[in-house]
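S.K.: This is query-v9.cif (mmCIF, C-alpha atoms).
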data_final
loop_
_atom_site.group_PDB
_atom_site.id
_atom_site.type_symbol
_atom_site.label_atom_id
_atom_site.label_comp_id
_atom_site.auth_asym_id
_atom_site.auth_seq_id
_atom_site.Cartn_x
_atom_site.Cartn_y
_atom_site.Cartn_z
ATOM 1 C CA MET G 1 0.000 0.000 0.000
ATOM 2 C CA GLY G 2 1.007 3.612 -0.359
ATOM 3 C CA ASN G 3 0.957 6.146 2.432
ATOM 4 C CA PRO G 4 -1.951 8.468 1.792
ATOM 5 C CA VAL G 5 -2.825 11.409 3.982
ATOM 6 C CA MET G 6 -5.774 9.994 5.883
ATOM 7 C CA GLN G 7 -6.990 12.801 8.016
ATOM 8 C CA PHE G 8 -6.474 16.397 9.080
ATOM 9 C CA GLN G 9 -6.674 17.371 12.700
ATOM 10 C CA ILE G 10 -7.215 20.868 14.030
ATOM 11 C CA LEU G 11 -5.728 21.443 17.461
ATOM 12 C CA SER G 12 -7.667 24.253 19.028
ATOM 13 C CA LYS G 13 -7.700 25.881 22.419
ATOM 14 C CA SER G 14 -11.419 26.521 21.859
ATOM 15 C CA PRO G 15 -12.574 23.330 20.123
ATOM 16 C CA ASP G 16 -16.278 24.129 20.405
ATOM 17 C CA ALA G 17 -15.803 27.541 18.805
ATOM 18 C CA THR G 18 -13.633 26.000 16.077
ATOM 19 C CA ALA G 19 -16.246 23.332 15.368
ATOM 20 C CA ARG G 20 -18.966 25.970 15.217
ATOM 21 C CA PHE G 21 -16.996 28.184 12.849
ATOM 22 C CA TYR G 22 -16.174 25.494 10.282
ATOM 23 C CA SER G 23 -19.612 23.931 10.500
ATOM 24 C CA GLU G 24 -21.215 27.278 9.758
ATOM 25 C CA LEU G 25 -18.698 28.171 7.074
ATOM 26 C CA PHE G 26 -18.584 24.878 5.168
ATOM 27 C CA GLY G 27 -21.565 22.923 6.409
ATOM 28 C CA TRP G 28 -19.287 20.277 7.926
ATOM 29 C CA SER G 29 -20.853 17.974 10.489
ATOM 30 C CA VAL G 30 -19.020 17.416 13.759
ATOM 31 C CA ASP G 31 -19.768 14.397 15.927
ATOM 32 C CA ALA G 32 -18.088 13.755 19.292
ATOM 33 C CA ASN G 33 -20.146 10.727 20.261
ATOM 34 C CA ASN G 34 -17.261 8.263 20.574
ATOM 35 C CA PRO G 35 -15.095 6.972 23.445
ATOM 36 C CA LEU G 36 -12.467 9.702 23.019
ATOM 37 C CA GLY G 37 -15.051 12.438 22.781
ATOM 38 C CA TYR G 38 -13.187 13.203 19.560
ATOM 39 C CA ARG G 39 -14.892 15.754 17.346
ATOM 40 C CA GLU G 40 -14.970 13.864 14.069
ATOM 41 C CA ILE G 41 -15.470 16.092 11.074
ATOM 42 C CA LYS G 42 -17.385 14.879 8.068
ATOM 43 C CA THR G 43 -16.983 17.296 5.215
ATOM 44 C CA GLY G 44 -20.008 15.827 3.479
ATOM 45 C CA CYS G 45 -18.027 15.042 0.355
ATOM 46 C CA GLY G 46 -16.291 11.955 -0.977
ATOM 47 C CA GLU G 47 -13.470 14.065 -2.348
ATOM 48 C CA GLY G 48 -10.551 14.992 -0.134
ATOM 49 C CA ILE G 49 -9.980 13.760 3.402
ATOM 50 C CA GLN G 50 -12.037 13.933 6.563
ATOM 51 C CA GLY G 51 -10.789 15.402 9.802
ATOM 52 C CA GLY G 52 -11.209 16.048 13.464
ATOM 53 C CA ILE G 53 -10.707 18.564 16.235
ATOM 54 C CA TRP G 54 -8.631 17.919 19.355
ATOM 55 C CA PRO G 55 -8.273 20.265 22.337
ATOM 56 C CA ALA G 56 -4.892 22.020 22.477
ATOM 57 C CA PRO G 57 -3.186 22.793 25.784
ATOM 58 C CA ALA G 58 -3.183 26.392 26.945
ATOM 59 C CA GLN G 59 0.482 26.984 26.094
ATOM 60 C CA ALA G 60 0.203 25.746 22.513
ATOM 61 C CA SER G 61 -0.736 27.676 19.420
ATOM 62 C CA ASN G 62 -3.668 26.482 17.357
ATOM 63 C CA PHE G 63 -2.426 24.413 14.458
ATOM 64 C CA VAL G 64 -3.305 21.683 11.969
ATOM 65 C CA GLN G 65 -1.757 18.227 11.747
ATOM 66 C CA LEU G 66 -1.912 15.781 8.881
ATOM 67 C CA PHE G 67 -2.142 12.078 9.626
ATOM 68 C CA VAL G 68 -0.485 9.718 7.182
ATOM 69 C CA ALA G 69 -1.622 6.104 6.891
ATOM 70 C CA VAL G 70 1.047 3.494 7.585
ATOM 71 C CA GLU G 71 1.058 -0.286 7.895
ATOM 72 C CA ASP G 72 3.034 -0.315 11.130
ATOM 73 C CA VAL G 73 2.972 2.797 13.321
ATOM 74 C CA ALA G 74 5.904 1.772 15.534
ATOM 75 C CA GLU G 75 8.064 0.830 12.566
ATOM 76 C CA SER G 76 7.283 4.079 10.719
ATOM 77 C CA ALA G 77 7.945 6.136 13.846
ATOM 78 C CA LYS G 78 11.335 4.424 14.184
ATOM 79 C CA ARG G 79 12.151 5.100 10.544
ATOM 80 C CA ALA G 80 11.110 8.746 10.963
ATOM 81 C CA GLN G 81 13.434 9.055 13.954
ATOM 82 C CA GLU G 82 16.286 7.685 11.895
ATOM 83 C CA LEU G 83 15.547 10.463 9.406
ATOM 84 C CA GLY G 84 15.699 13.123 12.121
ATOM 85 C CA ALA G 85 12.129 13.267 13.412
ATOM 86 C CA LYS G 86 11.226 13.405 17.093
ATOM 87 C CA VAL G 87 8.467 11.315 18.629
ATOM 88 C CA ILE G 88 6.064 13.461 20.640
ATOM 89 C CA ILE G 89 3.374 10.869 21.362
ATOM 90 C CA PRO G 90 4.607 7.295 20.955
ATOM 91 C CA PRO G 91 2.450 4.662 19.257
ATOM 92 C CA THR G 92 -0.842 4.741 21.105
ATOM 93 C CA GLY G 93 -3.891 2.534 20.781
ATOM 94 C CA LEU G 94 -7.212 3.994 19.767
ATOM 95 C CA PRO G 95 -10.555 2.816 21.107
ATOM 96 C CA ASP G 96 -11.572 1.481 17.676
ATOM 97 C CA GLY G 97 -8.488 -0.753 17.559
ATOM 98 C CA GLY G 98 -6.451 1.607 15.395
ATOM 99 C CA GLU G 99 -3.176 3.195 16.403
ATOM 100 C CA LEU G 100 -1.495 6.582 16.078
ATOM 101 C CA ALA G 101 1.701 8.408 16.885
ATOM 102 C CA VAL G 102 2.560 12.103 16.726
ATOM 103 C CA LEU G 103 5.972 13.345 15.687
ATOM 104 C CA HIS G 104 7.870 16.492 14.803
ATOM 105 C CA ASP G 105 9.661 16.352 11.475
ATOM 106 C CA PRO G 106 13.288 17.586 11.365
ATOM 107 C CA GLU G 107 11.985 21.124 10.735
ATOM 108 C CA GLY G 108 9.831 20.946 13.859
ATOM 109 C CA MET G 109 6.508 20.532 12.073
ATOM 110 C CA SER G 110 4.018 18.267 13.759
ATOM 111 C CA PHE G 111 2.473 15.337 11.891
ATOM 112 C CA GLY G 112 0.815 12.055 12.720
ATOM 113 C CA LEU G 113 1.102 8.418 11.740
ATOM 114 C CA MET G 114 -2.068 6.399 11.750
ATOM 115 C CA LYS G 115 -3.219 2.865 11.223
ATOM 116 C CA LYS G 116 -6.949 2.648 10.970
ATOM 117 C CA MET G 117 -8.904 -0.512 11.658
ATOM 118 C CA MET X 1 16.930 39.751 12.973
ATOM 119 C CA SER X 2 19.215 41.846 15.216
ATOM 120 C CA GLY X 3 20.810 43.731 12.319
ATOM 121 C CA THR X 4 21.770 40.635 10.295
ATOM 122 C CA GLN X 5 20.175 41.947 7.130
ATOM 123 C CA PHE X 6 21.657 45.425 7.504
ATOM 124 C CA ARG X 7 25.068 43.832 8.049
ATOM 125 C CA GLN X 8 24.634 41.814 4.842
ATOM 126 C CA LEU X 9 23.604 44.945 2.967
ATOM 127 C CA LEU X 10 26.689 46.821 4.144
ATOM 128 C CA LYS X 11 28.911 43.877 3.230
ATOM 129 C CA ARG X 12 27.401 43.755 -0.263
ATOM 130 C CA GLU X 13 27.979 47.485 -0.629
ATOM 131 C CA PHE X 14 31.593 47.066 0.471
ATOM 132 C CA GLU X 15 32.162 44.090 -1.888
ATOM 133 C CA GLU X 16 30.674 46.048 -4.771
ATOM 134 C CA ARG X 17 33.023 48.935 -4.117
ATOM 135 C CA LYS X 18 35.973 46.520 -3.935
ATOM 136 C CA ARG X 19 34.889 44.935 -7.198
ATOM 137 C CA ARG X 20 34.938 48.330 -8.885
ATOM 138 C CA ASN X 21 38.231 49.281 -7.199
ATOM 139 C CA PRO X 22 40.330 46.319 -5.969
ATOM 140 C CA ARG X 23 42.368 48.676 -3.806
ATOM 141 C CA TYR X 24 39.304 49.862 -1.912
ATOM 142 C CA SER X 25 39.856 48.977 1.750
ATOM 143 C CA LEU X 26 37.732 48.397 4.811
ATOM 144 C CA ARG X 27 39.415 51.462 6.246
ATOM 145 C CA ALA X 28 38.187 53.530 3.274
ATOM 146 C CA PHE X 29 34.655 52.171 3.659
ATOM 147 C CA ALA X 30 34.736 52.921 7.405
ATOM 148 C CA ALA X 31 35.878 56.477 6.633
ATOM 149 C CA PHE X 32 33.012 56.823 4.147
ATOM 150 C CA LEU X 33 30.587 55.776 6.891
ATOM 151 C CA ASN X 34 32.293 58.145 9.293
ATOM 152 C CA THR X 35 33.359 55.425 11.707
ATOM 153 C CA ASP X 36 36.619 53.647 12.548
ATOM 154 C CA HIS X 37 37.613 50.486 10.756
ATOM 155 C CA SER X 38 37.865 48.330 13.901
ATOM 156 C CA THR X 39 34.225 49.089 14.723
ATOM 157 C CA LEU X 40 33.190 48.210 11.188
ATOM 158 C CA SER X 41 35.341 45.084 11.230
ATOM 159 C CA GLN X 42 33.685 43.906 14.459
ATOM 160 C CA ILE X 43 30.264 44.579 12.978
ATOM 161 C CA PHE X 44 31.103 42.643 9.827
ATOM 162 C CA ARG X 45 32.279 39.690 11.929
ATOM 163 C CA GLY X 46 29.107 39.814 14.008
ATOM 164 C CA LYS X 47 31.046 40.737 17.144
ATOM 165 C CA ARG X 48 29.250 44.019 17.581
ATOM 166 C CA LYS X 49 25.637 45.071 17.065
ATOM 167 C CA PHE X 50 24.362 48.120 15.250
ATOM 168 C CA THR X 51 22.749 50.966 17.065
ATOM 169 C CA THR X 52 19.578 52.417 15.615
ATOM 170 C CA ASP X 53 21.473 55.648 15.013
ATOM 171 C CA GLN X 54 24.126 53.816 12.980
ATOM 172 C CA ILE X 55 21.485 52.178 10.807
ATOM 173 C CA ARG X 56 19.900 55.588 10.156
ATOM 174 C CA ARG X 57 23.180 57.354 9.367
ATOM 175 C CA TRP X 58 24.829 54.576 7.399
ATOM 176 C CA GLY X 59 21.650 53.678 5.551
ATOM 177 C CA LYS X 60 21.414 57.242 4.365
ATOM 178 C CA LYS X 61 25.103 57.197 3.360
ATOM 179 C CA VAL X 62 24.638 54.148 1.125
ATOM 180 C CA GLY X 63 21.647 55.769 -0.584
ATOM 181 C CA MET X 64 18.693 54.197 1.169
ATOM 182 C CA SER X 65 15.346 55.948 1.322
ATOM 183 C CA ARG X 66 13.789 56.862 4.657
ATOM 184 C CA GLU X 67 11.287 54.001 4.221
ATOM 185 C CA GLU X 68 14.060 51.470 3.600
ATOM 186 C CA VAL X 69 15.932 52.674 6.674
ATOM 187 C CA ALA X 70 12.724 52.389 8.723
ATOM 188 C CA ALA X 71 12.337 48.748 7.608
ATOM 189 C CA TYR X 72 15.885 47.909 8.706
ATOM 190 C CA VAL X 73 15.419 49.726 12.036
ATOM 191 C CA ALA X 74 12.199 47.767 12.643
ATOM 192 C CA ALA X 75 13.922 44.488 11.709
ATOM 193 C CA GLN X 76 16.606 45.205 14.288
ATOM 194 C CA HIS X 77 13.995 44.907 17.047
ATOM 195 C CA VAL X 78 12.716 41.522 15.882
ATOM 196 C CA PRO X 79 14.485 38.719 17.748
ATOM 197 C CA ASP X 80 16.439 36.091 15.807
ATOM 198 C CA PRO X 81 14.431 32.949 14.908
ATOM 199 C CA SER X 82 16.832 30.914 17.054
ATOM 200 C CA VAL X 83 16.024 33.112 20.063
ATOM 201 C CA VAL X 84 12.295 32.808 19.387
ATOM 202 C CA LYS X 85 12.604 29.028 19.143
ATOM 203 C CA ARG X 86 14.479 28.820 22.435
ATOM 204 C CA GLN X 87 11.867 31.026 24.103
ATOM 205 C CA GLU X 88 9.075 28.825 22.755
ATOM 206 C CA GLN X 89 10.780 25.695 24.071
ATOM 207 C CA LEU X 90 11.303 27.310 27.441
ATOM 208 C CA ARG X 91 7.659 28.426 27.534
ATOM 209 C CA HIS X 92 6.482 24.955 26.513
ATOM 210 C CA TRP X 93 8.447 23.053 29.136
ATOM 211 C CA THR X 94 7.686 25.542 31.876
ATOM 212 C CA ALA X 95 3.987 25.227 31.044
ATOM 213 C CA GLU X 96 4.243 21.416 31.092
ATOM 214 C CA ALA X 97 5.881 21.519 34.526
ATOM 215 C CA LEU X 98 3.340 23.988 35.895
ATOM 216 C CA ALA X 99 0.436 21.964 34.508
ATOM 217 C CA ILE X 100 1.697 18.907 36.372
ATOM 218 C CA VAL X 101 2.089 20.906 39.592
ATOM 219 C CA THR X 102 -1.219 22.768 39.454
ATOM 220 C CA ASP X 103 -3.575 20.313 37.783
ATOM 221 C CA ARG X 104 -4.506 17.203 39.793
ATOM 222 C CA ARG X 105 -6.301 15.686 36.810
ATOM 223 C CA HIS X 106 -3.098 14.005 35.629
ATOM 224 C CA TRP X 107 -2.803 12.108 38.870
ATOM 225 C CA GLN X 108 -6.516 11.345 38.944
ATOM 226 C CA ILE X 109 -6.435 9.820 35.455
ATOM 227 C CA LEU X 110 -3.503 7.588 36.340
ATOM 228 C CA ARG X 111 -5.084 6.580 39.627
ATOM 229 C CA LEU X 112 -8.379 5.723 37.933
ATOM 230 C CA SER X 113 -6.580 3.748 35.212
ATOM 231 C CA GLY X 114 -5.425 1.283 37.845
ATOM 232 C CA LYS X 115 -8.831 0.845 39.488
ATOM 233 C CA ARG X 116 -11.118 -2.100 39.047
ATOM 234 C CA GLY X 117 -13.926 -1.249 36.645
ATOM 235 C CA PHE X 118 -11.820 1.300 34.764
ATOM 236 C CA GLN X 119 -13.099 2.141 31.303
ATOM 237 C CA GLY X 120 -10.766 3.476 28.642
ATOM 238 C CA ASP X 121 -13.390 5.960 27.599
ATOM 239 C CA CYS X 122 -12.743 9.653 28.034
ATOM 240 C CA ARG X 123 -16.440 10.333 28.510
ATOM 241 C CA TRP X 124 -16.469 7.875 31.422
ATOM 242 C CA LEU X 125 -13.339 9.497 32.877
ATOM 243 C CA ALA X 126 -14.897 12.942 32.562
ATOM 244 C CA GLU X 127 -17.951 11.745 34.442
ATOM 245 C CA GLN X 128 -15.873 10.134 37.187
ATOM 246 C CA MET X 129 -13.772 13.250 37.597
ATOM 247 C CA GLY X 130 -16.604 15.737 37.240
ATOM 248 C CA ILE X 131 -14.901 17.642 34.432
ATOM 249 C CA GLY X 132 -15.335 18.081 30.691
ATOM 250 C CA VAL X 133 -14.095 15.568 28.104
ATOM 251 C CA ASP X 134 -11.771 18.226 26.637
ATOM 252 C CA ASP X 135 -10.113 18.639 30.034
ATOM 253 C CA VAL X 136 -9.589 14.886 30.230
ATOM 254 C CA ASN X 137 -8.112 14.834 26.736
ATOM 255 C CA VAL X 138 -5.705 17.714 27.368
ATOM 256 C CA ALA X 139 -4.423 15.977 30.507
ATOM 257 C CA MET X 140 -4.326 12.557 28.820
ATOM 258 C CA SER X 141 -2.344 13.982 25.887
ATOM 259 C CA ARG X 142 0.147 15.504 28.299
ATOM 260 C CA LEU X 143 0.565 12.174 30.117
ATOM 261 C CA LEU X 144 1.212 10.471 26.768
ATOM 262 C CA ARG X 145 3.684 13.184 25.709
ATOM 263 C CA LEU X 146 5.561 12.857 28.984
ATOM 264 C CA GLY X 147 5.675 9.083 28.745
ATOM 265 C CA LEU X 148 3.691 8.706 31.981
ATOM 266 C CA LEU X 149 0.837 6.828 30.345
ATOM 267 C CA GLU X 150 0.726 4.139 27.700
ATOM 268 C CA ILE X 151 -2.339 3.079 25.780
ATOM 269 C CA GLY X 152 -1.692 -0.222 24.073
ATOM 270 C CA LYS X 153 -3.060 -1.570 20.826
ATOM 271 C CA ALA X 154 -5.714 -3.461 22.729
ATOM 272 C CA GLY X 155 -6.849 -0.205 24.325
ATOM 273 C CA THR X 156 -5.309 -1.006 27.696
ATOM 274 C CA TRP X 157 -4.205 1.970 29.781
ATOM 275 C CA LYS X 158 -1.054 1.644 31.829
ATOM 276 C CA ALA X 159 0.489 4.212 34.147
ATOM 277 C CA LEU X 160 4.259 4.401 33.662
ATOM 278 C CA LEU X 161 5.408 5.588 37.026
ATOM 279 C CA GLY X 162 8.172 3.180 37.847
ATOM 280 C CA SER X 163 8.245 0.684 40.659
ATOM 281 C CA GLY X 164 6.844 0.785 44.179
ATOM 282 C CA ARG X 165 3.750 2.307 45.679
ATOM 283 C CA VAL X 166 3.178 5.732 44.202
ATOM 284 C CA THR X 167 1.404 8.420 46.209
ATOM 285 C CA GLU X 168 0.251 11.676 44.662
ATOM 286 C CA LYS X 169 3.304 13.414 46.089
ATOM 287 C CA GLU X 170 5.585 10.768 44.612
ATOM 288 C CA PHE X 171 3.774 11.050 41.258
ATOM 289 C CA LEU X 172 4.450 14.791 41.250
ATOM 290 C CA ARG X 173 8.120 14.228 41.973
ATOM 291 C CA ARG X 174 8.550 11.589 39.269
ATOM 292 C CA ALA X 175 6.491 13.525 36.717
ATOM 293 C CA LEU X 176 8.553 16.670 37.243
ATOM 294 C CA ILE X 177 11.774 14.697 36.881
ATOM 295 C CA ARG X 178 10.372 13.382 33.590
ATOM 296 C CA VAL X 179 9.552 16.917 32.430
ATOM 297 C CA ARG X 180 13.061 18.010 33.323
ATOM 298 C CA GLU X 181 14.591 15.109 31.383
ATOM 299 C CA LEU X 182 12.536 15.816 28.269
ATOM 300 C CA ALA X 183 13.231 19.544 28.509
ATOM 301 C CA ALA X 184 16.950 18.770 28.708
ATOM 302 C CA GLU X 185 16.658 16.811 25.445
ATOM 303 C CA ASP X 186 15.442 20.095 23.914
ATOM 304 C CA GLY X 187 18.350 21.954 25.482
ATOM 305 C CA VAL X 188 16.158 23.575 28.127
ATOM 306 C CA GLU X 189 17.372 23.329 31.670
ATOM 307 C CA LEU X 190 14.706 23.494 34.374
ATOM 308 C CA ARG X 191 16.316 24.050 37.745
ATOM 309 C CA GLU X 192 15.021 24.684 41.246
ATOM 310 C CA ARG X 193 16.083 28.294 41.352
ATOM 311 C CA THR X 194 16.542 29.273 37.760
ATOM 312 C CA ILE X 195 14.991 28.306 34.496
ATOM 313 C CA HIS X 196 17.036 28.947 31.423
ATOM 314 C CA SER X 197 17.913 27.624 28.039
ATOM 315 C CA SER X 198 21.314 25.988 27.826
ATOM 316 C CA HIS X 199 21.714 26.790 24.118
#
Let me see the file written as structure tokens.
M.R.:
Amino acid sequence: MGNPVMQFQILSKSPDATARFYSELFGWSVDANNPLGYREIKTGCGEGIQGGIWPAPAQASNFVQLFVAVEDVAESAKRAQELGAKVIIPPTGLPDGGELAVLHDPEGMSFGLMKKM
Amino acid sequence: MSGTQFRQLLKREFEERKRRNPRYSLRAFAAFLNTDHSTLSQIFRGKRKFTTDQIRRWGKKVGMSREEVAAYVAAQHVPDPSVVKRQEQLRHWTAEALAIVTDRRHWQILRLSGKRGFQGDCRWLAEQMGIGVDDVNVAMSRLLRLGLLEIGKAGTWKALLGSGRVTEKEFLRRALIRVRELAAEDGVELRERTIHSSH
């Protein structure tokens, strides 16, 4: 398989306000009825990727992460480290059986690795 | 920026003059700018910073407009990207340490994760703790970042606090040591009395 960008994630200090803004602007639906309370964004279109909103800590700036699909999150995180990336959140299980990790690339930009079930 | 761009501009001006006249010296350029050559030499080597007055006077001497001079003066007051990055790292790690000290939710999540009947569901945790799901998720993310919590592929939550019985006070101590270790990896030294960047 290739490694497509699976999902965008908005990290916001005001996730409700962010959800409201994009829902009103683009008609996106936002549903947080899942074990993580994760605000899943459905853009309402088959084109492009879907996303989500996660609460950012007070000291962080609001930003967007891209999650790239991989076969093996731990293996890809290790490979990324060899290429100069830094692991911020190590491979972590998701309630649906998937897995993710969050890293900084060598330029300090945050991105995610994801294996969906 | 701290005058980097103005320094480069002056160097280019000097090199251009040397190109036109190979005998043109740093001393001659310093005289043109109405300064001494050792001052100019130190500035060129980055050993000395410009004053705002120097940028105004020298900018005018090399034919810059008032607006161009104003842009270079403004740039002088913008910190270097490396300084900004160090400040951001310092702010980040200080905030992580303070969050651990001031917010009991980290401890409560870890304590609950070891209890019988625990559910790896942030909505359940929020209900148990009497807080919002976002608050749970911010604290949970921090615990994951600090390597104090592990959520396995099977969805099992495990507190990573080391061996022995861990009280809340002991959790605080170990968590802050962890913050200090991670900050040190970023070149930020968090000490008891002083907090500074070691870069």
S.K.: Compute the set of chain G residues within 12 Å of chain X, using only C-alpha atoms, and express it as a ChimeraX atom specification.
M.R.: /G:11-16,32-39,53-61,72-74,86-103,107-108,115-117
S.K.: Any chance you could tabulate, as a Markdown table, the residues of range 58-132 of chain X at most 12 Å from range 26-41 of chain X with each one's nearest atom pair and distance in Å to one decimal, using all atoms listed in the file, in chain and rising number order?
M.R.:
| residue | atom | partner | partner_atom | distance |
| --- | --- | --- | --- | --- |
| X:Trp58 | CA | X:Leu33 | CA | 5.9 |
| X:Gly59 | CA | X:Leu33 | CA | 9.3 |
| X:Lys60 | CA | X:Leu33 | CA | 9.6 |
| X:Lys61 | CA | X:Leu33 | CA | 6.7 |
| X:Val62 | CA | X:Leu33 | CA | 8.4 |
| X:Gly63 | CA | X:Leu33 | CA | 11.7 |
S.K.: On this structure, the PyMOL selection byres ((chain G and resi 105) around 12) would catch which residues? List them as a list in words, sorted by chain and number.
M.R.: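 With the PyMOL selection byres ((chain G and resi 105) around 12) on this model, the match is Gln65, Leu66, Ala77, Arg79, Ala80, Gln81, Glu82, Leu83, Gly84, Ala85, Lys86, Val87, Ile88, Val102, Leu103, His104, Pro106, Glu107, Gly108, Met109, Ser110, Phe111, Gly112 and Leu113 of chain G.
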S.K.: Convert the output of the PyMOL selection byres ((chain X and resi 70-75) around 7) on the shown file into explicit residues, formatted as a PyMOL selection string.
M.R.: chain X and resi 1-3+6+52+55+66-69+76-78
S.K.: Pick from G:Lys78, G:Glu71, G:Gly2, G:Phe8: nearest to Thr43 in chain G, with all atoms listed in the file counted?
M.R.: G:Phe8
S.K.: Just to confirm, what's the straight-line distance from CA of Leu148 in chain X to CA of His106 in chain X in Å (one decimal)?
M.R.: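 Taking CA of Leu148 in chain X and CA of His106 in chain X, their separation equals 9.4 Å.
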S.K.: For a test of reading the model, state the distance in Å between CA of Asp103 in chain X and CA of Val179 in chain X, rounded to one decimal.
M.R.: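 CA of Val179 in chain X lies at a distance of 14.6 Å from CA of Asp103 in chain X.
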S.K.: How many Å lie between CA of Ala97 in chain X and CA of Ile177 in chain X, rounded to one decimal?
M.R.: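 Separating CA of Ala97 in chain X from CA of Ile177 in chain X is a distance of 9.3 Å.
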S.K.: Restricting the calculation to only C-alpha atoms: of G:Ser23, G:Ser76, G:Thr18, G:Asn62, which residue gets closest to Asn3 in chain G?
M.R.: G:Ser76
S.K.: The PyMOL selection byres ((chain G and resi 29) around 10) - which residues does that actually catch in the file I just gave you? List them as number ranges by chain.
M.R.: G: 19-20, 22-24, 26-28, 30-31, 39-44
S.K.: Within 10 Å of Arg7 in chain X, counting only C-alpha atoms, which residues show up once you throw out same-chain ones fewer than 2 positions away? Write them as a list in words, please.
M.R.: Ser2, Gly3, Thr4, Gln5, Leu9, Leu10, Lys11, Arg12, Glu13, Leu40, Ile43, Phe44, Arg45, Gly46, Lys49, Phe50 and Ile55 of chain X
